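Here the structure is laid out as structure tokens; the discussion comes afterwards.
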Protein chains: 2
Amino acid sequence: MPNQKSSHIPRATIQRLATYVQTLEILARDGVEVISSNPLADACGVNGSQIRKDLAYFGEFGVRGVGYNVKALIMAITRSLGVDREWKMALVGVGNLGRAILNHAEFRARGFNIVGIFDCDPFKIGEVMHGMEVCCTDDLKNCASRLGIEIGIITTPPERAQRAANNIIDAGINAILCFAPARIRVPANVHVEYVDFFHHLYALAFNKIQDES
Amino acid sequence: MPNQKSSHIPRATIQRLATYVQTLEILARDGVEVISSNPLADACGVNGSQIRKDLAYFGEFGVRGVGYNVKALIMAITRSLGVDREWKMALVGVGNLGRAILNHAEFRARGFNIVGIFDCDPFKIGEVMHGMEVCCTDDLKNCASRLGIEIGIITTPPERAQRAANNIIDAGINAILCFAPARIRVPANVHVEYVDFFHHLYALAFNKIQDES
């Protein structure tokens with residue numbers, strides 16, 4: 001359960017906190033037990049005052065002159081963000097990208113588990129991937145609550161993204177991670193996050209032509 | 001070549017422009033020739049005044065009372081962003097995600113072509129994927145300029161991301177799209193974009209625990 005303070009964490013801070021957790025986890029794997037804010041900031045690509053401000057949301061985890069306890073800080077951040085527990089997810093669209101996400105070790109390592117996989121292609125339905133049978137997307141409604149699914153992932157081609165979203169919403173799921181390069185329409189109570197490769201590629205390309213001009 | 005006006009496009013606008021292009025391309029595929037700003041805004045998930053403001057960067061593409069010509073608007077936006085031409089890319093790390101990106105039809109459809117694939121795993125080097133032989137990452141330096149590579153994509157595990165970045169930078173490539181859940185250190189002249197699945201999953205999870213509390 002989040003504490004009073006964390007309930008006001010702004011969106012940009014959440015993104016930086018996710019970055020801090022990633023960096024802290026790599027440090028923990030490398031056997032680092034304590035780190036002070038400046039080297040941590042450096043490893044995360046932010047400045048020291050930014051990281052100290054962000055971590056102030058979690059009370060006093062730093063010890064002056066010593067630094068942050070790496071494991072305690074990971075636990076404090078992940079607990080406040082609600083990511084210290086398992087989140088069960090459904091994946092809709094088992095093409096190349098869907099399969100890659102299904103096999104992505106980092107998802108499971110962070111407690112984001114895909115527990116149901118769906119497709120509308122009759123040639124894919126019934127196929128077993130990663131120990132799960134591909135089900136018809138229309139069946140999502142019947143098994144979402146039984147499987148405890150809270151997040152739906154869309155990895156369909158763009159033209160099928162809206163249909164996938166409709167199936168997810170009909171199943172009572174109100175959080176969607178959309179990898180399809182398309183915008184979807186959802187009711188106000190449904191939260192959609194877009195992972196948009198082209199936002200980033202466009203930014204890189206535009207930056208390069210600016211540099212060259 | 002970008003026009004004078006477009007050289008000042010802010011980052012947030014570039015991201016929205018990428019979204020508009022996606023939506024316009026779906027409309028074009030569906031045979032829509034002309035669209036007015038309000039339905040276009042609706043399809044893109046922004047408000048009408050926002051889209052009119054953003055499109056003002058491109059001069060007068062709208063005709064009052066008629067709307068925007070879909071194909072002309074796609075061409076104007078992509079030309080100004082520098083994405084109306086081919087961009088050649090190297091992919092470093094041919095695991096599940098790397099292979100999915102290699103096979104992602106939308107990349108090629110938008111002119112972002114992967115022309116070289118690299119890995120440091122001796123068991124993968126020499127394997128042929130998508131008509132290309134996997135090369136040793138150390139060889140990137142020798143073939144980047146011959147292949148005309150301008151963007152490097154990192155799809156390694158997090159612990160190998162920095163090494164991949166170093167190879168890319170050594171090869172004279174100054175634009176990186178990083179899919180590895182790790183931060184990399186680069187010189188000031190190198191532009192890195194992170195595609196971070198966990199930023200989005202953390203935001204979804206945090207949003208849900210806020211709703212429930």
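Every chain in the structure tokens has a letter given in the order shown (A, B, ...), and although residue numbers restart at 1 in each chain, ligands are simply numbered from 1 in the order shown.
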Each residue of range 180-209 of chain A with at least one atom at most 9 Å from range 28-43 of chain B should appear once, together with its nearest atom pair and the corresponding distance in Å (one decimal); atoms considered: only C-alpha atoms; ordering: chain, then increasing residue number; output as CSV.
residue,atom,partner,partner_atom,distance
A:Arg183,CA,B:Ala43,CA,7.0
A:Ile184,CA,B:Ala43,CA,7.9
A:Arg185,CA,B:Ala43,CA,7.7
Which polymer residues have any atom within 6 Å of an atom of range 84-93 of chain A, counting only C-alpha atoms, with same-chain residues fewer than 2 positions away left out, as a PyMOL selection string? chain A and resi 78-79+82+95+98+111-119+149-156
Residues flagged strand (DSSP E or B) by DSSP in range 14-201 of chain B, as a short mmCIF file (atom, residue, chain, number, x, y, z; two decimals) with N, CA, C and O atoms, in the first residue's frame:
data_model
loop_
_atom_site.label_atom_id
_atom_site.label_comp_id
_atom_site.auth_asym_id
_atom_site.auth_seq_id
_atom_site.Cartn_x
_atom_site.Cartn_y
_atom_site.Cartn_z
N VAL B 34 -9.34 13.31 -47.44
CA VAL B 34 -9.34 14.62 -46.78
C VAL B 34 -9.95 14.45 -45.40
O VAL B 34 -10.90 13.68 -45.22
N ILE B 35 -9.38 15.13 -44.39
CA ILE B 35 -9.94 15.06 -43.04
C ILE B 35 -9.82 16.44 -42.39
O ILE B 35 -8.83 17.14 -42.59
N GLY B 62 -4.08 23.04 -44.21
CA GLY B 62 -5.53 22.90 -44.09
C GLY B 62 -6.23 23.91 -44.98
O GLY B 62 -5.73 25.00 -45.18
N VAL B 63 -7.37 23.51 -45.50
CA VAL B 63 -8.19 24.44 -46.28
C VAL B 63 -9.47 24.64 -45.46
O VAL B 63 -10.17 23.67 -45.16
N GLY B 67 -10.60 20.85 -44.96
CA GLY B 67 -9.78 19.96 -44.13
C GLY B 67 -8.40 19.78 -44.71
O GLY B 67 -7.99 20.52 -45.61
N TYR B 68 -7.71 18.80 -44.17
CA TYR B 68 -6.34 18.52 -44.61
C TYR B 68 -6.35 17.43 -45.66
O TYR B 68 -7.06 16.43 -45.52
N ASN B 69 -5.51 17.58 -46.68
CA ASN B 69 -5.29 16.49 -47.63
C ASN B 69 -4.36 15.50 -46.94
O ASN B 69 -3.23 15.82 -46.56
N TRP B 87 16.72 5.53 -43.62
CA TRP B 87 17.73 5.59 -42.57
C TRP B 87 18.27 4.18 -42.39
O TRP B 87 17.50 3.25 -42.13
N LYS B 88 19.58 4.02 -42.52
CA LYS B 88 20.18 2.69 -42.38
C LYS B 88 20.64 2.48 -40.94
O LYS B 88 21.26 3.37 -40.34
N MET B 89 20.33 1.32 -40.42
CA MET B 89 20.58 1.07 -39.00
C MET B 89 21.31 -0.26 -38.81
O MET B 89 21.19 -1.19 -39.61
N ALA B 90 22.09 -0.31 -37.71
CA ALA B 90 22.71 -1.56 -37.28
C ALA B 90 22.00 -2.04 -36.04
O ALA B 90 21.62 -1.22 -35.19
N LEU B 91 21.80 -3.34 -35.92
CA LEU B 91 21.16 -3.91 -34.73
C LEU B 91 22.22 -4.70 -33.98
O LEU B 91 22.87 -5.58 -34.56
N VAL B 92 22.40 -4.39 -32.69
CA VAL B 92 23.38 -5.11 -31.88
C VAL B 92 22.65 -5.92 -30.81
O VAL B 92 21.98 -5.35 -29.94
N PHE B 112 13.04 2.86 -42.08
CA PHE B 112 14.10 2.58 -41.10
C PHE B 112 14.56 1.14 -41.33
O PHE B 112 13.93 0.18 -40.87
N ASN B 113 15.67 1.00 -42.08
CA ASN B 113 16.12 -0.32 -42.52
C ASN B 113 17.33 -0.80 -41.75
O ASN B 113 18.33 -0.09 -41.66
N ILE B 114 17.22 -2.00 -41.24
CA ILE B 114 18.36 -2.62 -40.57
C ILE B 114 19.22 -3.27 -41.65
O ILE B 114 18.75 -4.16 -42.36
N VAL B 115 20.46 -2.79 -41.78
CA VAL B 115 21.33 -3.28 -42.86
C VAL B 115 22.52 -4.09 -42.34
O VAL B 115 23.30 -4.62 -43.12
N GLY B 116 22.66 -4.17 -41.02
CA GLY B 116 23.73 -4.98 -40.44
C GLY B 116 23.30 -5.49 -39.08
O GLY B 116 22.65 -4.74 -38.33
N ILE B 117 23.59 -6.78 -38.77
CA ILE B 117 23.21 -7.34 -37.47
C ILE B 117 24.44 -7.92 -36.79
O ILE B 117 25.27 -8.57 -37.42
N PHE B 118 24.54 -7.67 -35.50
CA PHE B 118 25.77 -7.94 -34.76
C PHE B 118 25.46 -8.60 -33.41
O PHE B 118 24.43 -8.33 -32.81
N ASP B 119 26.38 -9.44 -32.98
CA ASP B 119 26.24 -10.07 -31.66
C ASP B 119 27.64 -10.46 -31.20
O ASP B 119 28.55 -10.63 -32.02
N VAL B 128 22.46 -16.84 -40.41
CA VAL B 128 21.80 -15.93 -41.33
C VAL B 128 20.37 -15.66 -40.87
O VAL B 128 19.61 -16.60 -40.60
N MET B 129 20.05 -14.38 -40.71
CA MET B 129 18.70 -13.96 -40.30
C MET B 129 18.24 -12.89 -41.24
O MET B 129 18.95 -11.91 -41.47
N MET B 132 20.62 -11.69 -43.76
CA MET B 132 21.90 -11.09 -43.37
C MET B 132 22.64 -12.02 -42.42
O MET B 132 22.02 -12.72 -41.61
N GLU B 133 23.97 -12.00 -42.53
CA GLU B 133 24.77 -12.82 -41.65
C GLU B 133 25.05 -12.05 -40.36
O GLU B 133 25.39 -10.87 -40.42
N VAL B 134 24.91 -12.71 -39.22
CA VAL B 134 25.24 -12.06 -37.95
C VAL B 134 26.76 -11.92 -37.87
O VAL B 134 27.49 -12.89 -38.04
N CYS B 135 27.23 -10.67 -37.66
CA CYS B 135 28.66 -10.41 -37.55
C CYS B 135 29.05 -10.18 -36.10
O CYS B 135 28.21 -9.86 -35.27
N CYS B 136 30.34 -10.34 -35.83
CA CYS B 136 30.88 -10.05 -34.51
C CYS B 136 30.77 -8.54 -34.25
O CYS B 136 31.08 -7.74 -35.14
N ILE B 151 22.30 4.92 -37.52
CA ILE B 151 21.64 4.71 -36.22
C ILE B 151 21.99 3.30 -35.73
O ILE B 151 21.97 2.34 -36.52
N GLY B 152 22.34 3.17 -34.45
CA GLY B 152 22.59 1.87 -33.85
C GLY B 152 21.47 1.50 -32.89
O GLY B 152 21.03 2.34 -32.11
N ILE B 153 20.99 0.26 -32.98
CA ILE B 153 19.92 -0.21 -32.08
C ILE B 153 20.54 -1.22 -31.12
O ILE B 153 21.21 -2.16 -31.56
N ILE B 154 20.32 -1.02 -29.83
CA ILE B 154 20.84 -1.97 -28.83
C ILE B 154 19.70 -2.84 -28.31
O ILE B 154 18.73 -2.34 -27.73
N ALA B 175 23.91 8.13 -33.10
CA ALA B 175 22.49 8.05 -32.73
C ALA B 175 22.19 6.62 -32.31
O ALA B 175 22.48 5.68 -33.05
N ILE B 176 21.64 6.47 -31.10
CA ILE B 176 21.42 5.13 -30.54
C ILE B 176 19.98 5.00 -30.04
O ILE B 176 19.47 5.86 -29.33
N LEU B 177 19.35 3.89 -30.42
CA LEU B 177 18.04 3.53 -29.88
C LEU B 177 18.28 2.34 -28.96
O LEU B 177 18.68 1.27 -29.41
N CYS B 178 18.08 2.55 -27.65
CA CYS B 178 18.43 1.51 -26.67
C CYS B 178 17.19 0.84 -26.10
O CYS B 178 16.38 1.48 -25.44
N HIS B 191 23.45 10.99 -29.38
CA HIS B 191 22.06 11.09 -28.95
C HIS B 191 21.51 9.69 -28.68
O HIS B 191 21.53 8.83 -29.56
N VAL B 192 21.04 9.47 -27.46
CA VAL B 192 20.46 8.17 -27.10
C VAL B 192 18.97 8.33 -26.83
O VAL B 192 18.55 9.25 -26.13
N GLU B 193 18.17 7.43 -27.38
CA GLU B 193 16.76 7.34 -27.04
C GLU B 193 16.54 5.97 -26.40
O GLU B 193 16.98 4.95 -26.94
N TYR B 194 15.87 5.97 -25.25
CA TYR B 194 15.58 4.71 -24.56
C TYR B 194 14.13 4.30 -24.82
O TYR B 194 13.21 5.09 -24.62
#
Problem - Which of B:Asp139, B:Ile168, B:Ile101, B:Val46 sits closest to chain A [using only C-alpha atoms] - result: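 Once distances to chain A are computed over only C-alpha atoms, the minimum belongs to B:Ile101.
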task: List every residue of range 26-90 of chain B that DSSP, applied to the backbone of this structure, places in helix (DSSP H, G or I), and write the result as a PyMOL selection string.
output: chain B and resi 26-29+37-44+48-58+70-81
Closest to Arg160 in chain B among B:Thr19, B:Arg146, B:Phe206, B:Pro181, using only C-alpha atoms?
->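 Ranked by minimum distance to Arg160 in chain B, first place goes to B:Pro181.
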